[in-house]
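Q: One structure, as C-alpha cells, below. Some questions next.
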Amino acid sequence: MKPLRKLFKIRGGVHPDDHKGRTAQSSIEDMPMPALLHIPLQQHIGSPASPMVKRGDRVLKGQLLAHSQGMISAPVHAPTSGRIVGVGNYPAHHPSGLSVHTITLQPDGADRWIEGEAPPTDPFALEPEEIATRVAAAGIVGMGGATFPSAVKLNLRSRYCLETLVINGAECEPYLTCDDRLMREESAAVIDGIRIMAYALGVKRVIIGIENNKPEAQAAMQAAAEAFPEIEIARLPARYPMGSEKHLVQTVTGVETPARGLTADIGVVVHNVATAYAVHDALRFGRPLISRVVTISGGAIRLPKNLRVLIGTPIEELITHCGGYSETPERLISGGPMMGQPLPGTRVPIIKGSNGVLALTVRETKAEEAMPCIRCASCVKACPCGLVPLEMANYIRSGDLEGAVAYGLMDCISCGSCAFVCPSNIRLVQFFNYAKGELTARQRAEHTQNETRRLAEARTIRLERQKQAKREAMARRKQAQEAAKQAKQAAEARAQQAARTGS
Amino acid sequence: MSGPVSGPHAHGAISLRQTMLLVMLALLPATLFGLSIYGWPAFNLLTVTIVASLLAEAVCLVIAGKPVGIYLKDGSAILTGWLLAMTLPPWAPWWIGVCGALIAIVLGKQVFGGIGQNLFNPAMVARVALLIAFPLEMTTFVAPKPLFTESAPDFVQSLAITFGGGMHIDAVSSATTLGFVKTELGRHNPLDGALSQVFDLLNGFTGFMPGSMGETSAMLVLLGGLFLLYRRIISWHIPVAMIASITLLAGVFHTLSPEHFTGPLVHLLSGATLLGAFFIATDLVTSPVTARGQIIFGAGCGVLVYVIRSWANYPEGVAFAVMLMNALTPLIDHYVRPRVYGRDRKGQPLVYKGESWERDSEASR
Ligand code: SF4
Ligand code: SF4
C-alpha cells in the first residue's frame, strides 16, 4: 500500500447533503437505443463542428458527422449506424432553449461499426503529439461538464514544463454518481487512460483526487494503480467545491494558481476521470466519443439510475426509462444542483458534457422568496475564493458593475457556495452571472465599436491614399507629357537649327 | 436582472427566521432567570417592550409599503425588543420600554431602510437615548427579589410598579456593582473594602446581583453565547477579541494600581460585558463581515468598554462602545477584506519567484 498523500487546506466551502445514496449502488446500465438521436454540432467550448453529411445519407457507428474547425473545436461522430433524417436546428441543451445546429440520426438498429484505421497495439509507442491528435480526432472534450477540447490541454506540453497530472474524481456535486460508478466498474480502463494522458503530457507524477464519500471508488482505483508507482490516490475530504479545478490542485499540491491564470502556470494539468476513460477507448480501440455515463436522479424520478447513454439521446427517453416522474418536479437540471443549469424542456439531447439530469422537487430546491441581506457573513465564510459576495451583490444591485469587478467579480467561479448558505435566500450567483454576462456583452459591443471605427478609419485612409496616388499619377503623367512636349519642342528646335546651320 | 435561474438549485442553510429564533433560544435561559429573580415587573416590562417593537415595526412596514406579514415573521423586531428589555432596569416603568422600542425600531432601524440597512445596533441606540433622556429611571436598580419569595411583589403589585406611578425608589433601589465602584471612587474611597460589600464573584457568575436582566447571570449569558457559537450563528472572533482586550487592560491597570482599578474578573462578570460580547457586539447587521475585521471590531469594543468604565462619567460603557465601533464598521469592511484566491494581499495575481513553468517563449518559437 502506498503512503497517503498529504493534503492542503482550502478556505470556505460548504457541506450540502450529498443525496448520492440514491444511485451510488446502481451499476451502470446501458440505455436502450432511442428512436432518434439529435446530435448538436457544438457540444464543446470553441467553434462549432462543420457538418459533412446531408439529409438521407446512411452512416455507420463511429463515422465522422462533422469535422472540427479552428484551433479550439471538436468533431462529432455517429453514435450508431442509421440514416441522417435532418441537418438543421433543434433546441439546445442550454437554459435558453434556443435552437442550434443539430444533426438528427435515425438508428437502423444494426449498430454497425465503421471500419476505421486500426488502432495501435501500444499507445506508448506513439509520439506524444500523435496521442493528442488521436484524442482530437475522437472528439473528446472535458467530460466533467467544462467541455473544453481535451487535445488542446494535452498539447500544453509545448508551452509549459508540466510536472503533474491531477485527475478529478472528486465528484463534489450532490446526487451525481456517474464518475463514482465509472471508477468502480472500469478502474483498469480509467487508469490506462490516465497513463496514456500522462505519457502524452510528459509528466512524472499523477494524483487522482477522490472524495471520502466514495470509499469503494478509492479502493478500486488504488488497487488498479498499485502497479504504477507514479500514480497516487488522494483521499479528499468531502466538501463542495472540492472539484473546482484550481481548488483541487491546491488541495493536492499545496500550490495556488495565480489569478486569471491556468493551472499549467504552476505545472499542473487537470483532467476528469470520464475523460480518461474516453481516452482509453479512443487509443486502445479507436472508438470516438459517442456515449457517456449519466446519472438520472432527483426526488421526482421514480427509479434513479446511472445510464450509459448515446450522445444525442433526448432526455425525455431517459426519464421514461427511469420510471418517469413520481411527482411534478419543481426544476429540471442538467448537471449537479450546485452549478447545474436548468433545462428548458425534456426534448433536448444528452451532450458530451452532461453528467447528470436531475428532476428536483420543491422540498429539495428549498426555493424561497429572497429577503434583505442581514450582513450575516455566512457567504463570506463560505466563499472558496476569498470574495465578499454580499458587497459584490450590492454593487450589482445598484448598477455599478465596475464596483463589483473591483471587489473581485471576475475571480468568482460561480460555485454557488454563497447562495447555498445565505439565510436570506438571496440569489447571489444570479447577480454574478448576470453581471459577468453584461460585462462580456459590453466588452463585445465596445470591441465591435472599436473595430467599426478602425475599419472606417482604415477605409478613409485607404481612399485618401488612393486619391493621393491618383493625384500623383496624374501629376506624373502631366509632368511626363510636359517633359515629352518640351523634349519634342527642343528636338524640333534642334532640328530646325540643324537644318538652318546645315543649310 | 434577467436571465435564466442560476444555481445552486439547493439550499442548505437555515433561514433568516431560524437564525433569529436560535438567537432568542440562546437568550432564553438568562431571560427566564432574570424574570425569576426580578419577578412580575420584569415580565411586564419585557412584554411591553416586545409588543411595542412589533407594533412599531408593523406601522413602519405599512408606511414603507412592504409586505407586513413576511417581514414581521422574520423575528427581528421581537429580538430587538427583547435585547433592549434585557438592558433596562427590570422595574422601570412601562413608558421606558415603549419609548425604547419606538426609538430602536423607528430611529434605529426603519429610517435606515429596514432590516439589514441600519448602521447602529437598534437596541443600543435606544438604550443610549434613554440613558441620556431619563438618567434617573435608567440607573435605578432593585436588589433581586426572586419570584414567590416574601419580598417579591405579586402580579397585581407588579402592575402598579410597571404601569402605576412607578416604584418607591428610595425604598428599594440598590447599586449595580459598576455603579457602586464609580461612586466609591468618586468619594475617593479605596476599592478593596468597598467592593467586597457588593460584589461577590460567585454571585456575579450565577446572577444574584442587582442589574438589568441581561447583566445579572454571567453564567447563563455565557451558556447562550456558547450555544450561538456551537450553532455557528456567530463566530468566535468578536466575543474572544472583546473579552481578551477587556481582560488585558483590566489586568494591566489592576496590577499597576489595585486601589483604583478593579480586576479583570469583576469587569467580565459584572455589567453587560458578556451580554455585549455574545449578543450585542455580534449583531450580524452592524458588525464587520470578515474574520479579521471582526477581531478588530471586537478588540475595539473591549478597549472602549474599559475606557468608558474607568475614566468616563458612566459606570457602564457597553452600549456606547458598541455604537462607536458600529460607526467604524463600514470603514473596517472597506479596508479589511479576505485575500482573494490566486492573488496576494494587495490584489495582484500571485507570482512565484524564480519558478516558471512556462517554456521559454524564444524556444517555443
Ligand atoms: S459563487 Fe462566487 S462569490 Fe459565491 S462562493 Fe462561489 S466563488 Fe464565492
Ligand atoms: S449570506 Fe446572505 S444575508 Fe448573509 S451576508 Fe451574505 S448575502 Fe447577506
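Letters A, B, ... go to the chains of the C-alpha cells in the order shown; residues in each chain start at 1; ligands are counted from 1 in the same order.
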Should the cut-off be 6 Å, what would the residue list for chain B against chain A look like, counting only C-alpha atoms, as a ChimeraX atom specification?
A: /B:6-16,116,284-285,289,338-343,349-350,357-359
Q: Just the residues within 10 Å of Val249 (chain A), please, counting only C-alpha atoms, with nothing from its chain fewer than 3 positions along; format it as number ranges by chain.
A: A: 8, 164-168, 207, 209, 242-246, 252-257, 263, 266, 268-270
Q: Write out as a count of residues only which residues come within 12 Å of region 216-232 of chain A when counting only C-alpha atoms, dropping same-chain ones fewer than 5 positions away.
A: 49
Q: For region 65-71 of chain B, list every protein, DNA or RNA residue within 10 Å, evaluated using only C-alpha atoms, and leave out those in the same chain fewer than 4 positions away; present the list as a PDB file with C-alpha atoms, in the first residue's frame.
A:
```pdb
ATOM      1  CA  GLU A 369     -38.576  34.317  -1.536  1.00  0.00           C
ATOM      2  CA  MET A 371     -35.230  38.598   1.970  1.00  0.00           C
ATOM      3  CA  PRO A 372     -32.925  41.561   2.570  1.00  0.00           C
TER       4      PRO A 372
ATOM      5  CA  ARG B  17     -36.210  33.392  10.631  1.00  0.00           C
ATOM      6  CA  GLU B  57     -42.290  47.617  13.061  1.00  0.00           C
ATOM      7  CA  ALA B  58     -45.723  46.890  11.609  1.00  0.00           C
ATOM      8  CA  VAL B  59     -46.587  50.565  11.283  1.00  0.00           C
ATOM      9  CA  CYS B  60     -43.250  51.352   9.645  1.00  0.00           C
ATOM     10  CA  LEU B  61     -43.668  48.478   7.202  1.00  0.00           C
ATOM     11  CA  GLY B  75     -38.489  37.811  14.124  1.00  0.00           C
ATOM     12  CA  SER B  76     -36.007  40.640  14.080  1.00  0.00           C
ATOM     13  CA  ALA B  77     -38.349  43.118  15.764  1.00  0.00           C
ATOM     14  CA  GLY B 114     -35.337  48.362   7.481  1.00  0.00           C
ATOM     15  CA  ILE B 115     -33.687  45.089   8.304  1.00  0.00           C
TER      16      ILE B 115
END
```
Q: So that I can see what lies close to Ala299 (chain B), please list as a VMD selection string the residues with an atom at most 7 Å from it, counting only C-alpha atoms and leaving out residues fewer than 3 positions away in the same chain.
A: chain B and resid 241 to 242 245 295 to 296 302 to 303
Q: For Thr313 (chain A), list every protein, DNA or RNA residue within 8 Å, evaluated using only C-alpha atoms, and leave out those in the same chain fewer than 6 positions away; present the list as a list in words.
A: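 Returned residues: Pro34, Leu36, Leu37, His38, Pro349 and Ile350 of chain A.
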Q: Using N, CA, C and O atoms, can you export the residues from the last selection as a PDB file, in the first residue's frame?
A:
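Printed below is selection39.pdb as written:
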```
ATOM      1  N   PRO A  34     -32.558   4.765 -28.559  1.00  0.00           N
ATOM      2  CA  PRO A  34     -33.736   5.625 -28.736  1.00  0.00           C
ATOM      3  C   PRO A  34     -34.183   5.651 -30.200  1.00  0.00           C
ATOM      4  O   PRO A  34     -33.457   5.191 -31.086  1.00  0.00           O
ATOM      5  N   LEU A  36     -34.725   8.308 -32.098  1.00  0.00           N
ATOM      6  CA  LEU A  36     -33.994   9.338 -32.845  1.00  0.00           C
ATOM      7  C   LEU A  36     -32.871   9.881 -31.974  1.00  0.00           C
ATOM      8  O   LEU A  36     -32.997   9.937 -30.754  1.00  0.00           O
ATOM      9  N   LEU A  37     -31.778  10.281 -32.622  1.00  0.00           N
ATOM     10  CA  LEU A  37     -30.686  10.934 -31.902  1.00  0.00           C
ATOM     11  C   LEU A  37     -30.513  12.333 -32.466  1.00  0.00           C
ATOM     12  O   LEU A  37     -30.492  12.512 -33.684  1.00  0.00           O
ATOM     13  N   HIS A  38     -30.413  13.301 -31.592  1.00  0.00           N
ATOM     14  CA  HIS A  38     -30.214  14.693 -32.025  1.00  0.00           C
ATOM     15  C   HIS A  38     -28.824  15.108 -31.589  1.00  0.00           C
ATOM     16  O   HIS A  38     -28.579  15.323 -30.403  1.00  0.00           O
ATOM     17  N   PRO A 349     -31.294  17.014 -26.136  1.00  0.00           N
ATOM     18  CA  PRO A 349     -30.491  15.795 -26.102  1.00  0.00           C
ATOM     19  C   PRO A 349     -29.388  15.826 -25.051  1.00  0.00           C
ATOM     20  O   PRO A 349     -28.995  16.891 -24.582  1.00  0.00           O
ATOM     21  N   ILE A 350     -28.897  14.638 -24.708  1.00  0.00           N
ATOM     22  CA  ILE A 350     -27.695  14.494 -23.886  1.00  0.00           C
ATOM     23  C   ILE A 350     -26.497  14.870 -24.759  1.00  0.00           C
ATOM     24  O   ILE A 350     -26.423  14.485 -25.934  1.00  0.00           O
TER      25      ILE A 350
END
```
Q: With distances taken over only C-alpha atoms, which residue among A:His19, A:Arg453, A:Val357, A:Thr121 lies nearest Gly345 (chain A)?
A: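 Residue with the minimum atom-to-atom distance to Gly345 (chain A): A:Val357.
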Q: Would you compute the distance between CA of Ala85 (chain B) and CA of Leu46 (chain B)? Give it in Å to one decimal.
A: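 Rounded to one decimal, the two atoms are 5.4 Å apart.
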Q: Between CA of Leu136 (chain B) and CA of Leu159 (chain B), what distance in Å does the model show, to one decimal?
A: 20.3 Å
Q: Just list the residues in region 144-335 of chain A DSSP gives alpha helix (DSSP H) on the backbone, as a short mmCIF file (atom, residue, chain, number, x, y, z; two decimals) with N, CA, C and O atoms, in the first residue's frame.
A:
```
data_model
loop_
_atom_site.label_atom_id
_atom_site.label_comp_id
_atom_site.auth_asym_id
_atom_site.auth_seq_id
_atom_site.Cartn_x
_atom_site.Cartn_y
_atom_site.Cartn_z
N SER A 150 -10.17 18.28 -25.11
CA SER A 150 -9.10 17.70 -24.29
C SER A 150 -7.74 17.75 -24.97
O SER A 150 -6.71 17.88 -24.32
N ALA A 151 -7.74 17.64 -26.31
CA ALA A 151 -6.47 17.61 -27.02
C ALA A 151 -5.71 18.91 -26.83
O ALA A 151 -4.47 18.91 -26.72
N VAL A 152 -6.44 20.02 -26.76
CA VAL A 152 -5.77 21.31 -26.57
C VAL A 152 -5.00 21.29 -25.25
O VAL A 152 -3.87 21.76 -25.15
N LYS A 153 -5.63 20.68 -24.23
CA LYS A 153 -4.99 20.60 -22.92
C LYS A 153 -3.81 19.62 -22.96
O LYS A 153 -2.83 19.82 -22.25
N LEU A 154 -3.93 18.56 -23.77
CA LEU A 154 -2.82 17.60 -23.84
C LEU A 154 -1.62 18.22 -24.56
O LEU A 154 -0.49 17.79 -24.40
N CYS A 178 -21.97 9.28 -11.49
CA CYS A 178 -21.50 8.65 -12.72
C CYS A 178 -19.99 8.41 -12.68
O CYS A 178 -19.52 7.34 -13.08
N ASP A 179 -19.23 9.37 -12.15
CA ASP A 179 -17.78 9.16 -12.06
C ASP A 179 -17.46 8.09 -11.03
O ASP A 179 -16.55 7.28 -11.22
N ASP A 180 -18.21 8.10 -9.94
CA ASP A 180 -18.04 7.10 -8.89
C ASP A 180 -18.18 5.70 -9.49
O ASP A 180 -17.31 4.84 -9.33
N ARG A 181 -19.27 5.49 -10.22
CA ARG A 181 -19.51 4.17 -10.81
C ARG A 181 -18.43 3.81 -11.82
O ARG A 181 -17.97 2.68 -11.89
N LEU A 182 -18.04 4.78 -12.62
CA LEU A 182 -17.02 4.52 -13.64
C LEU A 182 -15.72 4.07 -12.98
O LEU A 182 -15.08 3.12 -13.41
N MET A 183 -15.36 4.75 -11.88
CA MET A 183 -14.11 4.40 -11.20
C MET A 183 -14.21 3.02 -10.57
O MET A 183 -13.23 2.28 -10.48
N ARG A 184 -15.43 2.65 -10.14
CA ARG A 184 -15.58 1.34 -9.51
C ARG A 184 -15.64 0.23 -10.54
O ARG A 184 -15.07 -0.83 -10.34
N GLU A 185 -16.35 0.48 -11.64
CA GLU A 185 -16.58 -0.61 -12.60
C GLU A 185 -15.51 -0.69 -13.67
O GLU A 185 -15.30 -1.73 -14.27
N SER A 187 -12.18 0.60 -13.37
CA SER A 187 -10.97 1.22 -12.82
C SER A 187 -9.74 0.95 -13.69
O SER A 187 -8.93 1.86 -13.91
N ALA A 188 -9.62 -0.26 -14.23
CA ALA A 188 -8.43 -0.56 -15.04
C ALA A 188 -8.40 0.31 -16.29
O ALA A 188 -7.35 0.87 -16.64
N ALA A 189 -9.55 0.47 -16.94
CA ALA A 189 -9.61 1.28 -18.15
C ALA A 189 -9.31 2.74 -17.84
O ALA A 189 -8.59 3.42 -18.58
N VAL A 190 -9.86 3.22 -16.72
CA VAL A 190 -9.63 4.62 -16.35
C VAL A 190 -8.14 4.84 -16.07
O VAL A 190 -7.54 5.81 -16.56
N ILE A 191 -7.54 3.92 -15.32
CA ILE A 191 -6.11 4.05 -15.02
C ILE A 191 -5.31 4.02 -16.33
O ILE A 191 -4.36 4.78 -16.51
N ASP A 192 -5.70 3.16 -17.26
CA ASP A 192 -4.99 3.08 -18.54
C ASP A 192 -5.08 4.42 -19.27
O ASP A 192 -4.08 4.95 -19.75
N GLY A 193 -6.28 4.99 -19.32
CA GLY A 193 -6.46 6.29 -19.96
C GLY A 193 -5.61 7.36 -19.29
O GLY A 193 -5.00 8.21 -19.95
N ILE A 194 -5.56 7.29 -17.97
CA ILE A 194 -4.76 8.26 -17.22
C ILE A 194 -3.29 8.13 -17.59
O ILE A 194 -2.60 9.12 -17.83
N ARG A 195 -2.82 6.89 -17.71
CA ARG A 195 -1.40 6.69 -18.04
C ARG A 195 -1.09 7.18 -19.45
O ARG A 195 -0.03 7.76 -19.70
N ILE A 196 -2.05 6.97 -20.36
CA ILE A 196 -1.82 7.46 -21.73
C ILE A 196 -1.73 8.99 -21.73
O ILE A 196 -0.86 9.59 -22.35
N MET A 197 -2.62 9.63 -20.95
CA MET A 197 -2.58 11.09 -20.89
C MET A 197 -1.29 11.58 -20.25
O MET A 197 -0.68 12.55 -20.70
N ALA A 198 -0.86 10.89 -19.18
CA ALA A 198 0.37 11.29 -18.50
C ALA A 198 1.55 11.18 -19.47
O ALA A 198 2.43 12.05 -19.50
N TYR A 199 1.52 10.14 -20.29
CA TYR A 199 2.58 9.97 -21.28
C TYR A 199 2.55 11.10 -22.31
O TYR A 199 3.59 11.69 -22.64
N ALA A 200 1.34 11.43 -22.78
CA ALA A 200 1.22 12.50 -23.77
C ALA A 200 1.69 13.83 -23.20
O ALA A 200 2.26 14.65 -23.91
N LEU A 201 1.44 14.04 -21.92
CA LEU A 201 1.82 15.31 -21.30
C LEU A 201 3.28 15.33 -20.88
O LEU A 201 3.84 16.38 -20.62
N PRO A 215 -15.66 5.61 -0.78
CA PRO A 215 -14.59 4.69 -0.37
C PRO A 215 -14.39 3.55 -1.35
O PRO A 215 -13.25 3.12 -1.57
N GLU A 216 -15.48 3.06 -1.98
CA GLU A 216 -15.33 1.94 -2.91
C GLU A 216 -14.52 2.37 -4.13
O GLU A 216 -13.65 1.64 -4.60
N ALA A 217 -14.79 3.58 -4.61
CA ALA A 217 -14.04 4.07 -5.77
C ALA A 217 -12.57 4.26 -5.40
O ALA A 217 -11.67 3.92 -6.17
N GLN A 218 -12.33 4.79 -4.20
CA GLN A 218 -10.94 4.97 -3.76
C GLN A 218 -10.21 3.63 -3.75
O GLN A 218 -9.10 3.50 -4.26
N ALA A 219 -10.90 2.61 -3.20
CA ALA A 219 -10.26 1.30 -3.09
C ALA A 219 -10.02 0.71 -4.48
O ALA A 219 -8.93 0.18 -4.75
N ALA A 220 -11.01 0.81 -5.36
CA ALA A 220 -10.87 0.22 -6.69
C ALA A 220 -9.74 0.89 -7.46
O ALA A 220 -8.90 0.22 -8.09
N MET A 221 -9.67 2.20 -7.38
CA MET A 221 -8.63 2.92 -8.11
C MET A 221 -7.26 2.63 -7.50
O MET A 221 -6.26 2.49 -8.20
N GLN A 222 -7.23 2.56 -6.18
CA GLN A 222 -5.97 2.24 -5.50
C GLN A 222 -5.44 0.89 -5.98
O GLN A 222 -4.28 0.74 -6.32
N ALA A 223 -6.34 -0.09 -6.06
CA ALA A 223 -5.93 -1.43 -6.48
C ALA A 223 -5.46 -1.40 -7.93
O ALA A 223 -4.42 -1.98 -8.26
N ALA A 224 -6.19 -0.68 -8.77
CA ALA A 224 -5.83 -0.66 -10.19
C ALA A 224 -4.52 0.09 -10.42
O ALA A 224 -3.82 -0.14 -11.41
N ALA A 225 -4.18 1.02 -9.52
CA ALA A 225 -2.98 1.83 -9.71
C ALA A 225 -1.77 1.23 -9.00
O ALA A 225 -0.66 1.77 -9.10
N GLU A 245 -11.36 23.04 -10.32
CA GLU A 245 -10.02 22.71 -10.79
C GLU A 245 -8.90 23.29 -9.92
O GLU A 245 -8.04 22.59 -9.40
N LYS A 246 -8.97 24.62 -9.73
CA LYS A 246 -7.87 25.26 -9.01
C LYS A 246 -7.84 24.88 -7.54
O LYS A 246 -6.78 24.79 -6.93
N HIS A 247 -9.03 24.64 -6.97
CA HIS A 247 -9.06 24.26 -5.56
C HIS A 247 -8.59 22.83 -5.36
O HIS A 247 -7.92 22.52 -4.39
N LEU A 248 -8.93 21.98 -6.32
CA LEU A 248 -8.46 20.60 -6.26
C LEU A 248 -6.93 20.57 -6.33
O LEU A 248 -6.26 19.89 -5.54
N VAL A 249 -6.39 21.35 -7.27
CA VAL A 249 -4.94 21.37 -7.43
C VAL A 249 -4.28 21.88 -6.15
O VAL A 249 -3.28 21.33 -5.69
N GLN A 250 -4.87 22.89 -5.55
CA GLN A 250 -4.28 23.41 -4.32
C GLN A 250 -4.35 22.37 -3.19
O GLN A 250 -3.42 22.21 -2.42
N THR A 251 -5.46 21.66 -3.13
CA THR A 251 -5.61 20.66 -2.07
C THR A 251 -4.55 19.57 -2.19
O THR A 251 -4.00 19.14 -1.18
N VAL A 252 -4.27 19.13 -3.41
CA VAL A 252 -3.33 18.01 -3.52
C VAL A 252 -1.88 18.43 -3.69
O VAL A 252 -0.98 17.65 -3.39
N THR A 253 -1.63 19.66 -4.16
CA THR A 253 -0.22 20.06 -4.34
C THR A 253 0.20 21.18 -3.39
O THR A 253 1.38 21.43 -3.22
N VAL A 273 -12.07 11.98 -14.70
CA VAL A 273 -11.98 10.52 -14.84
C VAL A 273 -12.72 10.02 -16.08
O VAL A 273 -12.26 9.10 -16.77
N ALA A 274 -13.87 10.63 -16.38
CA ALA A 274 -14.62 10.18 -17.55
C ALA A 274 -13.85 10.49 -18.83
O ALA A 274 -13.89 9.73 -19.80
N THR A 275 -13.12 11.58 -18.82
CA THR A 275 -12.28 11.91 -19.97
C THR A 275 -11.18 10.86 -20.13
O THR A 275 -10.89 10.42 -21.25
N ALA A 276 -10.61 10.45 -19.00
CA ALA A 276 -9.56 9.43 -19.06
C ALA A 276 -10.11 8.15 -19.67
O ALA A 276 -9.46 7.50 -20.50
N TYR A 277 -11.33 7.81 -19.28
CA TYR A 277 -11.95 6.61 -19.83
C TYR A 277 -12.13 6.75 -21.34
O TYR A 277 -11.85 5.81 -22.11
N ALA A 278 -12.57 7.91 -21.78
CA ALA A 278 -12.77 8.14 -23.22
C ALA A 278 -11.44 8.06 -23.98
O ALA A 278 -11.37 7.55 -25.10
N VAL A 279 -10.36 8.54 -23.34
CA VAL A 279 -9.05 8.48 -23.98
C VAL A 279 -8.61 7.03 -24.14
O VAL A 279 -8.10 6.62 -25.19
N HIS A 280 -8.86 6.24 -23.12
CA HIS A 280 -8.54 4.81 -23.19
C HIS A 280 -9.28 4.17 -24.38
O HIS A 280 -8.69 3.47 -25.20
N ASP A 281 -10.57 4.45 -24.48
CA ASP A 281 -11.39 3.90 -25.56
C ASP A 281 -10.86 4.32 -26.93
O ASP A 281 -10.82 3.53 -27.87
N ALA A 282 -10.45 5.56 -27.04
CA ALA A 282 -10.01 6.10 -28.33
C ALA A 282 -8.66 5.52 -28.72
O ALA A 282 -8.44 5.14 -29.87
N LEU A 283 -7.74 5.42 -27.76
CA LEU A 283 -6.38 5.00 -28.12
C LEU A 283 -6.25 3.49 -28.21
O LEU A 283 -5.50 2.98 -29.03
N ARG A 284 -6.97 2.76 -27.38
CA ARG A 284 -6.84 1.31 -27.41
C ARG A 284 -7.72 0.68 -28.48
O ARG A 284 -7.38 -0.34 -29.04
N PHE A 285 -8.90 1.27 -28.71
CA PHE A 285 -9.84 0.63 -29.62
C PHE A 285 -10.22 1.49 -30.82
O PHE A 285 -11.02 1.08 -31.65
N ILE A 315 -33.63 13.69 -23.50
CA ILE A 315 -33.74 13.49 -22.07
C ILE A 315 -35.06 12.83 -21.67
O ILE A 315 -35.12 12.05 -20.74
N GLU A 316 -36.14 13.11 -22.45
CA GLU A 316 -37.42 12.52 -22.07
C GLU A 316 -37.35 10.99 -22.09
O GLU A 316 -37.99 10.32 -21.28
N GLU A 317 -36.54 10.45 -23.03
CA GLU A 317 -36.44 8.98 -23.07
C GLU A 317 -35.74 8.45 -21.83
O GLU A 317 -36.05 7.36 -21.34
N LEU A 318 -34.75 9.22 -21.33
CA LEU A 318 -34.05 8.79 -20.12
C LEU A 318 -35.01 8.76 -18.95
O LEU A 318 -35.01 7.83 -18.13
N ILE A 319 -35.81 9.80 -18.87
CA ILE A 319 -36.73 9.90 -17.73
C ILE A 319 -37.76 8.78 -17.79
O ILE A 319 -38.05 8.13 -16.78
N THR A 320 -38.26 8.51 -18.99
CA THR A 320 -39.21 7.41 -19.14
C THR A 320 -38.56 6.10 -18.72
O THR A 320 -39.15 5.29 -18.01
N HIS A 321 -37.30 5.93 -19.16
CA HIS A 321 -36.60 4.70 -18.82
C HIS A 321 -36.41 4.56 -17.32
O HIS A 321 -36.31 3.45 -16.80
#
```
Q: Within region 230-336 of chain A, find each residue whose DSSP state, derived from the backbone, is strand (DSSP E), and express the selection as a ChimeraX atom specification.
A: /A:231-236,268-272,291-297,305-310,331-334
Q: Near Tyr306 (chain B), within 8 Å and counting only C-alpha atoms, which residues show up once chain neighbours fewer than 4 positions away are dropped, as a PyMOL selection string?
A: chain B and resi 246+249-250+302+310+317
Q: Find the distance between CA of Ile72 (chain A) and CA of Ile140 (chain A) and write it in Å to one decimal.
A: 11.9 Å
Q: Hey, which of A:Met392, A:Ile84, A:Leu303, A:Cys172 ends up closest to ligand 1? Count only C-alpha atoms and all ligand atoms.
A: A:Met392
